[in-house]
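Step one of this worksheet: look at the structure below.
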Protein chains: 2
Amino acid sequence: MNAEAQIKKGRKFDQVIEGARSVFMREGYEGASVDEIARDAGVSKATLYSYFPDKQHLFLAVLETECAQQAEVEFLEDTGDLTVEETLHVICKTLITFILSRFGQDMFRVCVAEAQRFPELGRAFYDSGPKKWGRKIALYLETSKAQRTLCIDDSLLAADQLAQLCRADLMLKVLFGIQNNPTEDEIDRVAAEAVKTFLARYRRP
Amino acid sequence: MNAEAQIKKGRKFDQVIEGARSVFMREGYEGASVDEIARDAGVSKATLYSYFPDKQHLFLAVLETECAQQAEVEFLEDTGDLTVEETLHVICKTLITFILSRFGQDMFRVCVAEAQRFPELGRAFYDSGPKKWGRKIALYLETSKAQRTLCIDDSLLAADQLAQLCRADLMLKVLFGIQNNPTEDEIDRVAAEAVKTFLARYRRP
DNA sequence: CCGAAACTGAACCGAATGGTTTACGTTGCG
DNA sequence: CGCAACGTAAACCATTCGGTTCAGTTTCGG
């Protein structure tokens, strides 16, 4: 018996998900047509409907896998011999790069657009994205090494402030099409400024 | 001759815009049907189409007026005898309240969703929203009164960092339906924390 | 190499879409 | 009043939508 849960029958399951993913991300929920998805997936509509009862379930299945994928993004496991400041900088760069990535932007866009129509989607995205990052950062802030340098009473809020500082300048510009491909230098600068502001507030005196 | 530019003919023009506004904000662009808009506006479809050549132009006309309205939101004109810290707190509270308002959330949602399909919309929203706020805050940071207390080299980035700190905790929770009606106390706390972090970085030593 | 399961392609359905037109009221100003 | 502009309701159009059906082909394990 295969270890992978193969309850979902059929060989072309992944094709369907992948086609649906690309069309939904490009067109949004209402803008995507099932015919286009089937065409894009290289699959007949009948096959598609043998996997999913309707468009809605297909949409949610896609975003389920996307949220799962989003939840698995990691920043540097071991902080090694980096200083706290250096570690924070790495964390910020990783977060900013993720936020500005095609994947991050598409996910954000679609989930913002459809969070009203699909309330459970809103929560799923928030949990696997912003909340997860907040938790991870807060966890680092509570390590004994960080505690030796920092003085924080509410580590979750502090983590969220840091994450929010990472969105300064670039995030909205990219989201609304004002800027397209931020250079690594720009990302580095925003990260540096975020860390600077964060440490000014939370560095142990 | 009337001072108001009355190029747009017809008495029910405003009704149409208002109906379109409410339906578009509720359903998004693709989700909104012209029939529903006409019904909601209390107007026949023929009348609607006598004002606008098609759905797209109607959509853009609605968001044009919304962006204009968004651009006119003001925070405390004269800072009076408030300290810089108090003024920043007022600015933050005003911004947070706006961001979390029904209007602010709906605008953000729709513009994020359709910025791909309508690139000019993305820019219009950014200019009349985030950019305008950034400019206003930066302008205050550059007043001689603020300069006496603060030490800032890049006032636009500083302003954006402050605005971004205002989005900590509550903004994404509301956007994704995790939280519904933040109390004034919660808003006050986020504002206070934003100012605290901001001043830690930028207060003149 | 057989047979069942998976898949295909295209036709088909009813409903709804954006958009147009027609034939008929209503309003208000000179 | 008279008349033109404004507005209406409803029928109408072609197209597209999500979803179903089915006869036929491909795939693949036993």
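Chains: A, B, ... in order of the structure tokens. Residues: from 1 per chain. Ligands: from 1, in order shown.
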
Check segment 36-148 of chain A with DSSP on the backbone and list each residue it calls alpha helix (DSSP H), as a PDB file with C-alpha atoms, in the first residue's frame.
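See states-v8.pdb below for the written result:
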```pdb
ATOM      1  CA  GLU A  36     -10.213  27.621 -19.902  1.00  0.00           C
ATOM      2  CA  ILE A  37      -8.990  25.663 -16.909  1.00  0.00           C
ATOM      3  CA  ALA A  38      -9.573  22.353 -18.671  1.00  0.00           C
ATOM      4  CA  ARG A  39      -7.819  23.643 -21.794  1.00  0.00           C
ATOM      5  CA  ASP A  40      -4.908  24.994 -19.777  1.00  0.00           C
ATOM      6  CA  ALA A  41      -4.613  21.736 -17.837  1.00  0.00           C
ATOM      7  CA  LYS A  45     -13.940  19.008 -18.786  1.00  0.00           C
ATOM      8  CA  ALA A  46     -15.470  15.632 -17.999  1.00  0.00           C
ATOM      9  CA  THR A  47     -12.273  14.505 -16.301  1.00  0.00           C
ATOM     10  CA  LEU A  48     -12.137  17.686 -14.315  1.00  0.00           C
ATOM     11  CA  TYR A  49     -15.693  17.174 -13.112  1.00  0.00           C
ATOM     12  CA  SER A  50     -14.886  13.603 -12.155  1.00  0.00           C
ATOM     13  CA  TYR A  51     -12.496  14.990  -9.558  1.00  0.00           C
ATOM     14  CA  LYS A  55     -16.001  25.093  -9.606  1.00  0.00           C
ATOM     15  CA  GLN A  56     -16.117  26.200  -6.006  1.00  0.00           C
ATOM     16  CA  HIS A  57     -14.614  22.998  -4.648  1.00  0.00           C
ATOM     17  CA  LEU A  58     -11.909  23.102  -7.288  1.00  0.00           C
ATOM     18  CA  PHE A  59     -11.048  26.650  -6.304  1.00  0.00           C
ATOM     19  CA  LEU A  60     -10.840  25.783  -2.633  1.00  0.00           C
ATOM     20  CA  ALA A  61      -8.762  22.681  -3.356  1.00  0.00           C
ATOM     21  CA  VAL A  62      -6.260  24.792  -5.271  1.00  0.00           C
ATOM     22  CA  LEU A  63      -5.936  27.350  -2.510  1.00  0.00           C
ATOM     23  CA  GLU A  64      -5.715  24.631   0.091  1.00  0.00           C
ATOM     24  CA  THR A  65      -2.584  23.272  -1.551  1.00  0.00           C
ATOM     25  CA  GLU A  66      -1.259  26.790  -2.054  1.00  0.00           C
ATOM     26  CA  CYS A  67      -1.777  27.653   1.598  1.00  0.00           C
ATOM     27  CA  ALA A  68      -0.053  24.433   2.590  1.00  0.00           C
ATOM     28  CA  GLN A  69       2.854  25.354   0.346  1.00  0.00           C
ATOM     29  CA  GLN A  70       2.910  28.871   1.739  1.00  0.00           C
ATOM     30  CA  ALA A  71       3.021  27.528   5.264  1.00  0.00           C
ATOM     31  CA  VAL A  84      20.875  39.181  16.600  1.00  0.00           C
ATOM     32  CA  GLU A  85      20.991  42.145  14.279  1.00  0.00           C
ATOM     33  CA  GLU A  86      22.324  40.033  11.433  1.00  0.00           C
ATOM     34  CA  THR A  87      19.705  37.365  12.053  1.00  0.00           C
ATOM     35  CA  LEU A  88      16.925  39.926  12.004  1.00  0.00           C
ATOM     36  CA  HIS A  89      18.274  41.251   8.740  1.00  0.00           C
ATOM     37  CA  VAL A  90      18.196  37.787   7.189  1.00  0.00           C
ATOM     38  CA  ILE A  91      14.664  37.236   8.443  1.00  0.00           C
ATOM     39  CA  CYS A  92      13.535  40.540   6.951  1.00  0.00           C
ATOM     40  CA  LYS A  93      15.177  39.887   3.605  1.00  0.00           C
ATOM     41  CA  THR A  94      13.574  36.460   3.408  1.00  0.00           C
ATOM     42  CA  LEU A  95      10.157  37.824   4.300  1.00  0.00           C
ATOM     43  CA  ILE A  96      10.372  40.744   1.887  1.00  0.00           C
ATOM     44  CA  THR A  97      11.549  38.511  -0.935  1.00  0.00           C
ATOM     45  CA  PHE A  98       8.635  36.179  -0.281  1.00  0.00           C
ATOM     46  CA  ILE A  99       6.093  38.984  -0.069  1.00  0.00           C
ATOM     47  CA  LEU A 100       7.279  40.432  -3.366  1.00  0.00           C
ATOM     48  CA  ARG A 102       5.108  36.206  -7.884  1.00  0.00           C
ATOM     49  CA  PHE A 103       3.727  33.482  -5.662  1.00  0.00           C
ATOM     50  CA  GLY A 104       3.299  35.724  -2.650  1.00  0.00           C
ATOM     51  CA  GLN A 105       1.672  38.493  -4.635  1.00  0.00           C
ATOM     52  CA  ASP A 106      -0.737  36.207  -6.490  1.00  0.00           C
ATOM     53  CA  MET A 107      -1.796  34.470  -3.314  1.00  0.00           C
ATOM     54  CA  PHE A 108      -2.373  37.760  -1.570  1.00  0.00           C
ATOM     55  CA  ARG A 109      -4.333  39.204  -4.460  1.00  0.00           C
ATOM     56  CA  VAL A 110      -6.657  36.259  -4.937  1.00  0.00           C
ATOM     57  CA  CYS A 111      -7.246  35.729  -1.233  1.00  0.00           C
ATOM     58  CA  VAL A 112      -8.003  39.398  -0.613  1.00  0.00           C
ATOM     59  CA  ALA A 113     -10.409  39.389  -3.541  1.00  0.00           C
ATOM     60  CA  GLU A 114     -12.297  36.272  -2.498  1.00  0.00           C
ATOM     61  CA  PRO A 119     -14.738  33.195   4.549  1.00  0.00           C
ATOM     62  CA  GLU A 120     -12.894  29.962   5.359  1.00  0.00           C
ATOM     63  CA  LEU A 121     -10.364  30.915   2.689  1.00  0.00           C
ATOM     64  CA  GLY A 122      -9.620  34.186   4.435  1.00  0.00           C
ATOM     65  CA  ARG A 123      -8.792  32.371   7.628  1.00  0.00           C
ATOM     66  CA  ALA A 124      -6.777  29.677   5.859  1.00  0.00           C
ATOM     67  CA  PHE A 125      -4.623  32.268   4.129  1.00  0.00           C
ATOM     68  CA  TYR A 126      -4.132  34.336   7.250  1.00  0.00           C
ATOM     69  CA  LYS A 132       2.624  31.670  10.703  1.00  0.00           C
ATOM     70  CA  TRP A 133       5.325  34.250  10.009  1.00  0.00           C
ATOM     71  CA  GLY A 134       4.348  36.193  13.110  1.00  0.00           C
ATOM     72  CA  ARG A 135       4.606  33.064  15.237  1.00  0.00           C
ATOM     73  CA  LYS A 136       7.978  32.121  13.785  1.00  0.00           C
ATOM     74  CA  ILE A 137       9.471  35.544  14.307  1.00  0.00           C
ATOM     75  CA  ALA A 138       8.038  35.769  17.813  1.00  0.00           C
ATOM     76  CA  LEU A 139       9.560  32.379  18.560  1.00  0.00           C
ATOM     77  CA  TYR A 140      12.977  33.663  17.586  1.00  0.00           C
ATOM     78  CA  LEU A 141      12.509  36.823  19.621  1.00  0.00           C
ATOM     79  CA  SER A 144      17.538  33.120  25.088  1.00  0.00           C
ATOM     80  CA  LYS A 145      20.061  34.484  22.622  1.00  0.00           C
ATOM     81  CA  ALA A 146      17.663  37.143  21.372  1.00  0.00           C
ATOM     82  CA  GLN A 147      16.442  37.870  24.892  1.00  0.00           C
ATOM     83  CA  ARG A 148      19.995  38.768  25.885  1.00  0.00           C
TER      84      ARG A 148
END
```

>> If the cut-off is 12 Å, can you tell me the residues of chain D near chain B, counting only C-alpha atoms (C1' of nucleotides)? I'd like them as a ChimeraX atom specification.
In response: /D:5-10

Please build the interface table for chain B against chain C with a cut-off of 8 Å, listing for each qualifying residue the nearest atom pair and the distance in Å to one decimal; count only C-alpha atoms (C1' of nucleotides), order rows by chain and increasing number, and write it as CSV.
```
residue,atom,partner,partner_atom,distance
B:Ser33,CA,C:DT17,C1',7.5
B:Val34,CA,C:DG18,C1',7.3
B:Asp54,CA,C:DG19,C1',7.9
B:Lys55,CA,C:DG18,C1',7.7
```

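Nearest residue to chain A, choosing from B:Glu18, B:Glu72, B:Glu186, B:Asp169 and counting only C-alpha atoms: B:Asp169.
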
Which neighbours of Arg189 of chain B fall inside 12 Å, counting only C-alpha atoms (C1' of nucleotides), when residues of the same chain fewer than 4 positions from it are skipped, and could you give them as a PDB file with C-alpha atoms, in the first residue's frame?
```pdb
ATOM      1  CA  LEU A 157       3.036  42.434  18.476  1.00  0.00           C
TER       2      LEU A 157
ATOM      3  CA  HIS B  89      -0.819  59.676  17.885  1.00  0.00           C
ATOM      4  CA  CYS B  92      -2.032  57.240  13.543  1.00  0.00           C
ATOM      5  CA  LYS B  93      -5.507  56.928  15.007  1.00  0.00           C
ATOM      6  CA  ILE B  96      -5.952  53.300  11.339  1.00  0.00           C
ATOM      7  CA  LEU B 165       3.249  50.321  11.696  1.00  0.00           C
ATOM      8  CA  CYS B 166      -0.359  51.468  11.802  1.00  0.00           C
ATOM      9  CA  ARG B 167      -1.308  48.328   9.907  1.00  0.00           C
ATOM     10  CA  ALA B 168       0.152  46.034  12.567  1.00  0.00           C
ATOM     11  CA  ASP B 169      -2.125  43.410  14.076  1.00  0.00           C
ATOM     12  CA  LEU B 170      -5.556  44.713  13.053  1.00  0.00           C
ATOM     13  CA  PRO B 182     -11.992  46.546  16.348  1.00  0.00           C
ATOM     14  CA  THR B 183     -12.799  48.572  19.428  1.00  0.00           C
ATOM     15  CA  GLU B 184     -11.452  52.075  19.838  1.00  0.00           C
ATOM     16  CA  ASP B 185      -9.255  50.749  22.622  1.00  0.00           C
ATOM     17  CA  GLU B 193       2.693  51.213  19.865  1.00  0.00           C
ATOM     18  CA  ALA B 194       3.295  52.590  16.388  1.00  0.00           C
ATOM     19  CA  VAL B 195       4.220  55.999  17.767  1.00  0.00           C
ATOM     20  CA  LYS B 196       6.414  54.436  20.429  1.00  0.00           C
TER      21      LYS B 196
END
```

> Using only C-alpha atoms, which of B:Glu30, B:Ala192, B:Asp153, B:Asp127 sits nearest chain A?
Replying inline: B:Glu30

>> Between atom CA of Leu175 of chain A and atom CA of Ala115 of chain B, what distance in Å does the model show, to one decimal?
In response: 7.9 Å

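For the set B:Asp14, B:Asp160, B:Asp188, B:Asp81, the residue with the smallest atom-to-atom gap to chain A is B:Asp160, counting only C-alpha atoms.
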